[in-house]
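J.: Okay, so here is structure_12.txt, and as you'll see once you scroll down, it has compact mmCIF, C-alpha atoms.
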# COMPACT_ATOMS: atom_id res chain seq x y z
CA MET A 1 94.41 83.78 78.57
CA LEU A 2 92.36 86.44 76.91
CA GLY A 3 88.66 86.40 77.63
CA VAL A 4 88.90 84.76 81.06
CA PRO A 5 85.75 85.34 83.16
CA ALA A 6 85.69 88.20 85.64
CA VAL A 7 86.96 87.97 89.20
CA GLY A 8 84.86 90.37 91.27
CA SER A 9 84.31 93.60 89.34
CA GLN A 10 87.42 93.24 87.18
CA ARG A 11 87.96 90.89 84.27
CA VAL A 12 91.14 88.87 84.76
CA ARG A 13 93.92 90.51 82.77
CA HIS A 14 97.08 89.04 81.37
CA VAL A 15 99.94 91.32 82.43
CA ALA A 16 103.38 90.81 80.90
CA VAL A 17 106.46 92.15 82.70
CA PHE A 18 109.79 92.45 80.90
CA ASN A 19 113.10 92.90 82.67
CA VAL A 20 116.86 92.72 82.34
CA PRO A 21 118.87 90.18 84.39
CA MET A 22 119.89 92.53 87.21
CA ALA A 23 118.70 92.25 90.81
CA GLY A 24 118.42 96.02 91.23
CA HIS A 25 115.90 96.07 88.40
CA VAL A 26 113.96 92.87 89.16
CA ILE A 27 113.50 93.26 92.92
CA PRO A 28 111.63 96.63 92.79
CA THR A 29 108.95 95.03 90.58
CA LEU A 30 108.19 91.96 92.68
CA ALA A 31 105.74 93.60 95.08
CA VAL A 32 103.78 95.03 92.13
CA VAL A 33 103.56 91.57 90.60
CA ARG A 34 102.35 90.14 93.90
CA GLU A 35 99.72 92.89 94.17
CA LEU A 36 98.45 92.30 90.63
CA VAL A 37 98.26 88.56 91.25
CA SER A 38 96.37 89.16 94.50
CA ARG A 39 93.82 91.19 92.51
CA GLY A 40 93.19 88.20 90.27
CA HIS A 41 95.37 89.07 87.30
CA ARG A 42 97.64 86.59 85.53
CA VAL A 43 101.23 87.78 85.28
CA SER A 44 103.88 86.51 82.89
CA TYR A 45 107.40 87.67 83.68
CA ALA A 46 110.11 87.71 81.01
CA VAL A 47 113.52 87.32 82.62
CA THR A 48 116.52 84.98 82.74
CA ALA A 49 116.62 81.71 84.65
CA GLU A 50 118.53 83.07 87.66
CA PHE A 51 115.45 85.09 88.67
CA ALA A 52 112.83 82.43 87.92
CA ASP A 53 112.39 81.39 91.56
CA ASP A 54 111.98 85.02 92.70
CA VAL A 55 109.28 85.51 90.09
CA ARG A 56 107.46 82.31 91.02
CA ALA A 57 107.59 83.29 94.69
CA VAL A 58 105.35 86.31 94.01
CA GLY A 59 102.89 84.35 91.88
CA ALA A 60 104.05 85.09 88.33
CA ASN A 61 104.84 82.66 85.55
CA PRO A 62 108.46 83.03 84.35
CA VAL A 63 108.91 83.38 80.61
CA LEU A 64 112.61 82.69 80.25
CA TYR A 65 115.09 83.97 77.72
CA GLU A 66 118.81 83.39 77.42
CA ALA A 67 121.10 86.42 77.55
CA PRO A 68 124.73 86.70 76.50
CA GLU A 69 127.14 86.52 79.45
CA SER A 70 128.47 90.01 80.17
CA GLY A 71 130.40 89.52 83.43
CA GLU A 72 130.59 92.18 86.13
CA ALA A 73 128.46 95.25 85.53
CA PRO A 74 130.62 98.04 84.07
CA GLU A 75 131.06 101.32 85.89
CA ASP A 76 130.78 103.14 82.55
CA MET A 77 127.06 103.45 81.88
CA VAL A 78 127.62 103.77 78.14
CA VAL A 79 129.13 100.28 78.19
CA GLY A 80 126.29 99.04 80.40
CA VAL A 81 123.57 100.34 78.08
CA THR A 82 125.38 98.90 75.07
CA GLN A 83 125.31 95.52 76.82
CA ALA A 84 121.60 96.00 77.53
CA VAL A 85 120.99 96.55 73.80
CA VAL A 86 122.71 93.23 73.08
CA VAL A 87 120.54 91.50 75.69
CA ASN A 88 117.33 92.94 74.24
CA VAL A 89 118.17 92.16 70.63
CA ALA A 90 118.93 88.57 71.63
CA ALA A 91 115.77 88.30 73.76
CA LEU A 92 113.30 89.69 71.22
CA PRO A 93 112.88 86.63 68.96
CA GLN A 94 112.96 84.29 71.96
CA LEU A 95 110.18 86.17 73.75
CA GLU A 96 108.04 86.71 70.69
CA ALA A 97 108.11 82.95 70.12
CA ALA A 98 107.55 82.17 73.82
CA PHE A 99 104.42 84.33 74.06
CA GLY A 100 103.13 83.21 70.66
CA THR A 101 99.39 83.81 70.51
CA ASP A 102 99.14 84.37 74.29
CA VAL A 103 99.14 88.13 73.82
CA PRO A 104 99.00 90.12 77.08
CA ASP A 105 96.53 92.92 77.78
CA VAL A 106 99.27 95.27 78.97
CA VAL A 107 103.07 95.31 78.99
CA LEU A 108 105.16 96.56 81.92
CA SER A 109 108.86 96.92 81.22
CA ASP A 110 112.00 98.06 82.97
CA VAL A 111 113.77 101.15 81.62
CA TYR A 112 116.39 98.92 79.95
CA ALA A 113 114.04 96.10 78.89
CA TRP A 114 113.22 97.51 75.46
CA ALA A 115 111.91 94.18 74.22
CA GLY A 116 108.76 95.05 76.20
CA PRO A 117 107.65 98.23 74.37
CA LEU A 118 108.74 96.74 71.04
CA LEU A 119 106.49 93.71 71.48
CA ALA A 120 103.70 95.89 72.91
CA ALA A 121 103.78 97.92 69.68
CA ARG A 122 103.57 94.78 67.59
CA TRP A 123 100.73 93.40 69.69
CA GLY A 124 98.87 96.72 69.82
CA VAL A 125 98.58 96.77 73.62
CA PRO A 126 99.40 99.59 76.07
CA ALA A 127 102.91 99.77 77.53
CA VAL A 128 104.05 101.14 80.88
CA GLN A 129 107.66 101.78 81.80
CA LEU A 130 108.75 100.73 85.29
CA ALA A 131 111.51 103.04 86.50
CA PRO A 132 113.83 101.92 89.30
CA THR A 133 115.89 105.05 88.61
CA HIS A 134 115.32 108.68 87.65
CA ILE A 135 112.86 109.34 84.85
CA PRO A 136 114.78 111.16 82.07
CA TYR A 137 115.16 114.87 82.80
CA ASP A 138 117.05 117.78 81.26
CA GLY A 139 120.73 116.95 81.57
CA ALA A 140 120.23 113.24 82.31
CA VAL A 141 122.15 112.03 79.27
CA ARG A 142 125.11 114.21 80.20
CA GLU A 143 125.05 113.28 83.90
CA PHE A 144 124.50 109.55 83.39
CA PHE A 145 126.50 108.92 80.22
CA GLY A 146 128.76 111.92 79.67
CA LEU A 147 127.22 112.43 76.21
CA GLU A 148 125.21 115.18 74.57
CA ASP A 149 122.97 112.80 72.59
CA ILE A 150 121.81 109.39 73.73
CA ALA A 151 121.92 108.22 70.12
CA GLN A 152 125.73 108.31 70.43
CA ILE A 153 125.64 105.15 72.55
CA PRO A 154 127.09 102.24 70.57
CA GLY A 155 124.52 99.58 69.81
CA PHE A 156 121.60 101.98 69.44
CA PRO A 157 121.77 101.81 65.62
CA GLU A 158 120.90 98.11 65.92
CA LEU A 159 118.07 98.94 68.31
CA ALA A 160 116.86 101.63 65.90
CA GLY A 161 116.48 98.94 63.26
CA ALA A 162 114.33 96.89 65.62
CA LEU A 163 112.19 99.96 66.37
CA GLU A 164 111.44 100.39 62.72
CA GLU A 165 110.71 96.70 62.27
CA PHE A 166 108.29 96.63 65.23
CA GLY A 167 106.52 99.85 64.31
CA VAL A 168 107.71 102.08 67.17
CA SER A 169 107.79 105.74 66.12
CA GLY A 170 110.17 108.41 67.34
CA GLY A 171 113.33 106.32 67.34
CA VAL A 172 115.62 105.75 70.30
CA HIS A 173 114.97 109.25 71.66
CA ALA A 174 111.25 108.58 72.14
CA LEU A 175 111.90 105.06 73.45
CA THR A 176 114.50 106.04 76.04
CA LEU A 177 113.87 109.69 76.90
CA ALA A 178 110.12 110.26 76.49
CA PRO A 179 108.14 107.13 77.35
CA PRO A 180 104.37 107.74 77.21
CA ARG A 181 103.71 106.29 80.68
CA THR A 182 106.11 105.70 83.57
CA VAL A 183 105.70 104.35 87.08
CA ALA A 184 108.70 105.30 89.23
CA PHE A 185 109.68 103.38 92.37
CA PHE A 186 110.69 106.41 94.43
CA PRO A 187 108.88 109.57 95.58
CA ARG A 188 108.79 112.69 93.42
CA SER A 189 111.00 114.63 95.85
CA PHE A 190 113.87 112.27 95.05
CA GLN A 191 113.51 112.74 91.29
CA ARG A 192 116.34 114.75 89.79
CA ARG A 193 114.90 117.95 88.21
CA PRO A 194 111.28 116.74 88.24
CA GLU A 195 109.99 119.87 86.51
CA THR A 196 111.91 118.84 83.36
CA VAL A 197 110.79 115.19 83.19
CA LYS A 198 109.98 114.26 79.61
CA ALA A 199 107.62 111.31 80.15
CA GLY A 200 104.07 111.75 78.86
CA GLU A 201 102.52 110.65 82.15
CA ALA A 202 104.49 109.88 85.29
CA TRP A 203 103.48 108.39 88.60
CA TRP A 204 105.99 108.41 91.47
CA VAL A 205 104.59 105.61 93.65
CA GLY A 206 107.61 105.16 95.90
CA PRO A 207 109.30 101.83 96.58
CA ALA A 208 107.13 98.76 96.11
CA ILE A 209 108.14 96.49 98.97
CA CYS A 210 106.67 93.14 99.93
CA ASP A 211 107.69 90.33 102.24
CA ARG A 212 110.76 88.61 100.84
CA ALA A 213 110.93 85.62 103.13
CA PHE A 214 112.08 83.59 100.12
CA GLN A 215 115.44 85.36 100.50
CA GLY A 216 115.86 83.94 104.02
CA ARG A 217 115.78 85.62 107.40
CA TRP A 218 118.23 87.53 109.57
CA GLN A 219 117.92 88.00 113.32
CA ARG A 220 119.40 90.89 115.27
CA PRO A 221 121.99 89.67 117.78
CA GLU A 222 121.23 90.05 121.47
CA ASP A 223 124.37 92.01 122.29
CA GLY A 224 122.48 95.31 122.55
CA LYS A 225 124.83 97.09 120.13
CA PRO A 226 123.48 99.44 117.45
CA VAL A 227 123.56 97.86 113.99
CA LEU A 228 125.57 99.32 111.12
CA TYR A 229 124.87 97.81 107.71
CA VAL A 230 127.42 97.88 104.87
CA SER A 231 126.64 96.80 101.30
CA LEU A 232 127.71 97.76 97.79
CA GLY A 233 124.77 95.91 96.25
CA SER A 234 124.77 93.04 93.80
CA GLN A 235 126.67 94.55 90.84
CA PHE A 236 129.66 96.53 92.15
CA ASN A 237 130.71 94.51 95.17
CA ARG A 238 134.16 93.22 94.20
CA ARG A 239 135.83 95.80 96.45
CA PRO A 240 137.81 93.94 99.15
CA GLU A 241 139.87 97.04 99.96
CA PHE A 242 136.67 98.96 100.78
CA TYR A 243 135.45 96.22 103.13
CA ARG A 244 138.83 96.19 104.88
CA SER A 245 138.54 99.96 105.35
CA CYS A 246 135.14 99.41 106.95
CA MET A 247 136.56 96.84 109.35
CA GLU A 248 139.39 99.20 110.27
CA ALA A 249 136.91 102.05 110.73
CA PHE A 250 134.47 100.29 113.05
CA GLU A 251 136.50 97.65 114.92
CA GLY A 252 136.07 98.26 118.63
CA SER A 253 133.68 101.16 117.99
CA GLY A 254 130.61 99.74 119.74
CA TRP A 255 128.78 98.91 116.51
CA HIS A 256 127.51 95.52 115.44
CA VAL A 257 128.50 95.61 111.76
CA VAL A 258 126.70 93.51 109.14
CA MET A 259 128.54 93.38 105.82
CA SER A 260 127.07 92.00 102.59
CA VAL A 261 130.08 91.66 100.29
CA GLY A 262 128.99 89.50 97.35
CA VAL A 263 129.72 85.91 96.42
CA GLU A 264 133.28 86.30 95.13
CA PRO A 265 134.66 88.49 97.97
CA ALA A 266 132.99 86.23 100.54
CA ALA A 267 134.53 83.12 98.97
CA ALA A 268 137.97 84.70 98.61
CA GLY A 269 137.86 86.27 102.05
CA ILE A 270 138.50 89.89 102.95
CA GLY A 271 140.95 89.32 105.78
CA PRO A 272 140.53 88.60 109.51
CA VAL A 273 137.03 89.32 110.77
CA ALA A 274 136.98 91.12 114.11
CA ASP A 275 134.50 90.57 116.92
CA GLY A 276 131.27 92.43 116.32
CA PHE A 277 131.33 91.88 112.55
CA GLU A 278 129.22 89.60 110.34
CA VAL A 279 130.45 89.05 106.79
CA HIS A 280 128.04 87.43 104.32
CA ALA A 281 127.84 86.91 100.57
CA SER A 282 124.31 88.34 100.83
CA VAL A 283 121.71 89.03 103.50
CA PRO A 284 117.94 89.57 103.62
CA GLN A 285 118.37 93.31 103.28
CA LEU A 286 114.98 94.35 104.62
CA ASP A 287 115.57 92.40 107.84
CA VAL A 288 118.96 94.04 108.41
CA LEU A 289 117.72 97.53 107.56
CA ALA A 290 114.82 97.14 110.00
CA ALA A 291 117.42 96.85 112.77
CA ALA A 292 120.04 99.27 111.40
CA SER A 293 120.84 102.75 112.65
CA VAL A 294 122.99 103.69 109.63
CA PHE A 295 123.49 102.18 106.17
CA VAL A 296 126.78 102.51 104.28
CA THR A 297 125.73 101.89 100.68
CA HIS A 298 126.71 102.23 97.03
CA GLY A 299 123.59 104.35 96.55
CA GLY A 300 121.52 102.21 94.22
CA MET A 301 117.98 103.54 94.10
CA GLY A 302 116.42 100.32 95.40
CA SER A 303 118.73 100.15 98.40
CA LEU A 304 118.21 103.83 99.21
CA MET A 305 114.44 103.58 99.05
CA GLU A 306 114.38 100.50 101.25
CA ALA A 307 116.53 102.34 103.80
CA PHE A 308 114.41 105.48 103.82
CA SER A 309 111.16 103.49 103.98
CA LEU A 310 112.50 102.08 107.26
CA GLY A 311 113.82 105.42 108.54
CA VAL A 312 117.54 104.70 108.12
CA PRO A 313 120.02 107.46 107.15
CA VAL A 314 122.76 106.62 104.67
CA VAL A 315 126.39 107.17 103.82
CA VAL A 316 126.58 106.87 100.03
CA VAL A 317 129.83 105.65 98.46
CA PRO A 318 128.89 105.68 94.75
CA GLN A 319 130.48 103.27 92.29
CA MET A 320 129.16 104.80 89.03
CA ALA A 321 127.42 107.84 87.55
CA GLU A 322 123.81 106.97 88.36
CA GLN A 323 124.73 106.45 92.01
CA ARG A 324 126.55 109.80 92.08
CA VAL A 325 123.31 111.44 90.92
CA ASN A 326 121.51 109.62 93.75
CA ALA A 327 124.14 110.78 96.22
CA GLY A 328 123.47 114.34 95.14
CA GLN A 329 119.78 113.91 95.89
CA VAL A 330 120.61 112.38 99.29
CA GLU A 331 122.60 115.46 100.26
CA ALA A 332 120.07 117.88 98.76
CA LEU A 333 117.32 116.35 100.90
CA GLY A 334 119.55 116.15 103.98
CA VAL A 335 118.98 112.42 104.52
CA GLY A 336 122.59 111.29 104.50
CA ARG A 337 126.15 111.95 103.40
CA HIS A 338 127.95 111.55 100.08
CA LEU A 339 131.44 110.08 100.49
CA PRO A 340 133.23 109.72 97.11
CA ARG A 341 134.83 106.30 96.96
CA GLU A 342 138.32 107.70 96.41
CA ARG A 343 137.95 109.41 99.81
CA ALA A 344 136.38 106.45 101.63
CA THR A 345 139.22 105.84 104.05
CA ALA A 346 138.64 104.26 107.43
CA GLU A 347 138.82 107.67 109.09
CA ALA A 348 136.37 109.25 106.61
CA LEU A 349 133.90 106.38 106.96
CA ARG A 350 134.02 106.57 110.75
CA GLU A 351 133.47 110.34 110.71
CA ALA A 352 130.60 110.19 108.18
CA VAL A 353 128.73 107.62 110.26
CA ARG A 354 129.36 109.53 113.48
CA THR A 355 127.96 112.78 112.08
CA LEU A 356 124.76 111.04 110.93
CA VAL A 357 124.10 109.51 114.33
CA ASP A 358 124.53 112.85 116.08
CA ASP A 359 122.57 115.05 113.65
CA ARG A 360 118.92 115.66 114.56
CA ARG A 361 118.36 117.51 111.29
CA VAL A 362 119.19 114.34 109.38
CA ALA A 363 116.80 112.34 111.55
CA SER A 364 114.02 114.85 110.84
CA ALA A 365 114.71 114.84 107.11
CA VAL A 366 114.66 111.04 107.00
CA ALA A 367 111.36 111.02 108.90
CA ARG A 368 109.83 113.44 106.37
CA LEU A 369 111.01 111.34 103.42
CA ARG A 370 109.74 108.18 105.11
CA GLN A 371 106.32 109.80 105.46
CA GLU A 372 106.33 110.84 101.79
CA ILE A 373 107.24 107.30 100.76
CA SER A 374 104.39 105.90 102.84
CA ALA A 375 101.91 108.33 101.29
CA ALA A 376 103.07 107.55 97.73
CA GLY A 377 101.30 104.20 97.83
CA GLY A 378 103.90 101.69 96.70
CA ALA A 379 102.75 98.47 95.06
CA ALA A 380 99.04 99.18 95.48
CA ALA A 381 99.40 102.57 93.76
CA ALA A 382 101.38 100.99 90.91
CA ALA A 383 98.70 98.33 90.44
CA ASP A 384 96.03 101.04 90.45
CA VAL A 385 97.86 102.77 87.59
CA VAL A 386 98.01 99.55 85.59
CA GLU A 387 94.29 98.90 86.08
CA LYS A 388 93.41 102.49 85.19
CA ILE A 389 95.39 102.25 81.95
CA LEU A 390 93.57 99.05 81.08
CA ALA A 391 90.21 100.59 81.90
CA ASP A 392 91.00 103.66 79.77
CA THR A 393 92.21 101.65 76.76
CA PRO A 394 89.58 101.17 74.03
CA GLY A 395 88.60 97.55 73.79
CA PHE A 396 89.97 96.72 77.24
CA ALA A 397 87.32 98.19 79.56
CA ALA A 398 85.96 95.84 82.17
Show me the file's structure as structure tokens.
T.:
Amino acid sequence: MLGVPAVGSQRVRHVAVFNVPMAGHVIPTLAVVRELVSRGHRVSYAVTAEFADDVRAVGANPVLYEAPESGEAPEDMVVGVTQAVVVNVAALPQLEAAFGTDVPDVVLSDVYAWAGPLLAARWGVPAVQLAPTHIPYDGAVREFFGLEDIAQIPGFPELAGALEEFGVSGGVHALTLAPPRTVAFFPRSFQRRPETVKAGEAWWVGPAICDRAFQGRWQRPEDGKPVLYVSLGSQFNRRPEFYRSCMEAFEGSGWHVVMSVGVEPAAAGIGPVADGFEVHASVPQLDVLAAASVFVTHGGMGSLMEAFSLGVPVVVVPQMAEQRVNAGQVEALGVGRHLPRERATAEALREAVRTLVDDRRVASAVARLRQEISAAGGAAAAADVVEKILADTPGFAA
């Protein structure tokens, strides 16, 4: 509620967070929400019902919208963004009605949750983009989408109409490629071509990680074996042939292998499970990474940052363009290996993991990145940015 009495030296603020229904986009924001709530702010979180419990667990109030069913996330990012446009256009009237007169003091929104900046413009409140992936840089549209102009993405003409209706200037180029303020959940060194970033102001705060006990717990077995963790994340995990290659690669190798394979592959089964393997639909990733020596991953930014924050090198087997960009950064920084999925045979997987374990240069590079992540500030730094923006906004000073 606007005008709530002060808590300590800060007046209680109403912070609205907008997101798309994807775990890799919601999870990086949860620690920031928890931090803002701990500072006395009230947080409303616009998302679909499947994430309502996660949002409540960190102290926010879910503001739910219904999104069209889109099935498995597409590998083609042009198709994915087109689907995100459909989600946002459907969500806009629902969320405007849900918030009603309960206008927030500031809007935080995921890079694909365009309903956030649209409503912020209508309400006349500051907006901050939350970036779980690279802030747009020179060449990003080509590398992510294979296009020369982001306006070529189908669906953007419909979004352009909404921009005009809600009073957002600059069209889709300003909305998607040059946001005025961005908080990125990775350190600057991992940003692709940081010197060409187009955002007005950018803060690379590193991963925002908090306790996620609500996801359950995992305990390291007492067999004394080193732990190898394998996961393709929550969106691109219907890859039974890849999991079978991993079992062939590491059976009898001395590893304790934890595999998170997704709901459908776990239900269907991926073949006989050898001794020394755990196969789950999902696991509490932070718990497993805390015990792991190597992580074989799809290379989503959230998964990479969680691994590096815990000092774990990675073998990246990308499933789509954004993850291939991430894999390039992994190799450039020397913190892991890029193994294209078409080459991810059992022999190649075994060799990639072996070279990481034996390479002291990789261990040193991971240690340096871990230190940079720690210094970036995480959730507390992100919350500081939000409070500074509020303090600097006319009419919002404490």
J.: If we count only C-alpha atoms, what is near A:Gly171 at a cut-off of 10 Å, once residues fewer than 4 positions away on the same chain are taken out, given as a ChimeraX atom specification?
T.: /A:151,156-157,159-164,167,175-176
J.: Counting all atoms listed in the file, select every polymer residue within 6 Å of (129.4, 104.4, 98.5) as defined in the file's coordinates, and provide the selection as a PyMOL selection string.
T.: chain A and resi 297-298+316-318+341
J.: Quick one: pull the distance between atom CA of A:Gly300 and atom CA of A:Pro62, Å, one decimal.
T.: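 Value for the atom CA of A:Gly300-atom CA of A:Pro62 distance: 25.2 Å.
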J.: For A:Cys246, find every residue with an atom within 10 Å (counting only C-alpha atoms), except residues of its own chain fewer than 6 positions away, and show them as a PyMOL selection string.
T.: chain A and resi 230+240+257+259+296+344-350
J.: For atom CA of A:Ala67 and atom CA of A:Arg122, determine how far apart the two atoms are, in Å to one decimal place.
T.: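 Atom-to-atom, atom CA of A:Ala67 to atom CA of A:Arg122, that is 21.8 Å.
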J.: Dump as a short mmCIF file (atom, residue, chain, number, x, y, z; two decimals) with C-alpha atoms, in the frame of the given file all residues having an atom at most 9 Å from (118.9, 116.5, 86.8), computed in the file's coordinates with all atoms listed in the file.
T.:
data_model
loop_
_atom_site.label_atom_id
_atom_site.label_comp_id
_atom_site.auth_asym_id
_atom_site.auth_seq_id
_atom_site.Cartn_x
_atom_site.Cartn_y
_atom_site.Cartn_z
CA HIS A 134 115.32 108.68 87.65
CA PRO A 136 114.78 111.16 82.07
CA TYR A 137 115.16 114.87 82.80
CA ASP A 138 117.05 117.78 81.26
CA GLY A 139 120.73 116.95 81.57
CA ALA A 140 120.23 113.24 82.31
CA GLU A 143 125.05 113.28 83.90
CA GLN A 191 113.51 112.74 91.29
CA ARG A 192 116.34 114.75 89.79
CA ARG A 193 114.90 117.95 88.21
CA PRO A 194 111.28 116.74 88.24
CA THR A 196 111.91 118.84 83.36
CA VAL A 197 110.79 115.19 83.19
CA VAL A 325 123.31 111.44 90.92
#
J.: So which residues touch A:Arg212 within 10 Å, counting all atoms listed in the file, skipping near sequence neighbours fewer than 4 positions away, as a PyMOL selection string?
T.: chain A and resi 27+30-31+54+57-58+216-217+284-287
J.: Restrict the selected residues to C-alpha atoms and save them as a short mmCIF file (atom, residue, chain, number, x, y, z; two decimals), keeping the file's coordinate frame.
T.:
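Contents of the output file again39.cif:
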data_model
loop_
_atom_site.label_atom_id
_atom_site.label_comp_id
_atom_site.auth_asym_id
_atom_site.auth_seq_id
_atom_site.Cartn_x
_atom_site.Cartn_y
_atom_site.Cartn_z
CA ILE A 27 113.50 93.26 92.92
CA LEU A 30 108.19 91.96 92.68
CA ALA A 31 105.74 93.60 95.08
CA ASP A 54 111.98 85.02 92.70
CA ALA A 57 107.59 83.29 94.69
CA VAL A 58 105.35 86.31 94.01
CA GLY A 216 115.86 83.94 104.02
CA ARG A 217 115.78 85.62 107.40
CA PRO A 284 117.94 89.57 103.62
CA GLN A 285 118.37 93.31 103.28
CA LEU A 286 114.98 94.35 104.62
CA ASP A 287 115.57 92.40 107.84
#
J.: Excluding stretch 363-376 of chain A and its own-chain neighbours fewer than 2 positions away, which residues fall within 7 Å of it when counting only C-alpha atoms? Please give them as an NGL selection string.
T.: :A and (187 or 204-206 or 308-309 or 311 or 313 or 333-335 or 359-361 or 378)
J.: Restricting the output to C-alpha atoms, write the selected residues as an mmCIF file, keeping the file's coordinate frame.
T.:
data_model
loop_
_atom_site.group_PDB
_atom_site.id
_atom_site.type_symbol
_atom_site.label_atom_id
_atom_site.label_comp_id
_atom_site.auth_asym_id
_atom_site.auth_seq_id
_atom_site.Cartn_x
_atom_site.Cartn_y
_atom_site.Cartn_z
ATOM 1 C CA PRO A 187 108.880 109.570 95.580
ATOM 2 C CA TRP A 204 105.990 108.410 91.470
ATOM 3 C CA VAL A 205 104.590 105.610 93.650
ATOM 4 C CA GLY A 206 107.610 105.160 95.900
ATOM 5 C CA PHE A 308 114.410 105.480 103.820
ATOM 6 C CA SER A 309 111.160 103.490 103.980
ATOM 7 C CA GLY A 311 113.820 105.420 108.540
ATOM 8 C CA PRO A 313 120.020 107.460 107.150
ATOM 9 C CA LEU A 333 117.320 116.350 100.900
ATOM 10 C CA GLY A 334 119.550 116.150 103.980
ATOM 11 C CA VAL A 335 118.980 112.420 104.520
ATOM 12 C CA ASP A 359 122.570 115.050 113.650
ATOM 13 C CA ARG A 360 118.920 115.660 114.560
ATOM 14 C CA ARG A 361 118.360 117.510 111.290
ATOM 15 C CA GLY A 378 103.900 101.690 96.700
#
J.: Provide the atom CA of A:Val362 to atom CA of A:Phe295 distance in Å, to one decimal place.
T.: 13.3 Å
J.: Choose the residue, out of A:Val357, A:Ala184, A:Val312, A:Val258, that has the smallest atom-to-atom separation from A:Leu130; count all atoms listed in the file.
T.: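 Comparing A:Val357, A:Ala184, A:Val312, A:Val258 against A:Leu130, the winner is A:Ala184.
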J.: Near A:Tyr112, within 12 Å and counting all atoms listed in the file, which residues show up once chain neighbours fewer than 3 positions away are dropped, as a VMD selection string?
T.: chain A and resid 18 to 22 24 to 26 77 80 to 89 108 to 109 115 to 118 129 to 133 159 172 175 to 177 179
J.: Write out as lines of an AutoDock Vina configuration file an axis-aligned box for stretch 305-315 of chain A: all of its atoms listed in the file, 4 Å added on each side, centre and edge lengths in Å with one decimal.
T.:
center_x = 118.8
center_y = 104.0
center_z = 103.8
size_x = 23.2
size_y = 15.0
size_z = 17.5
J.: Measuring atom to atom with all atoms listed in the file, identify which of A:Asp105, A:Asp53, A:Glu351, A:Glu96 is nearest to A:Ile389.
T.: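 Under the stated criterion, the closest residue is A:Asp105.
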J.: Go through A:Met320, A:Ala266, A:Leu390, A:Leu310 one by one, measure the shortest atom-to-atom distance of each to A:Arg11 using all atoms listed in the file, and give the residue with the smallest value.
T.: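 Using all atoms listed in the file, A:Arg11 sits closest to A:Leu390.
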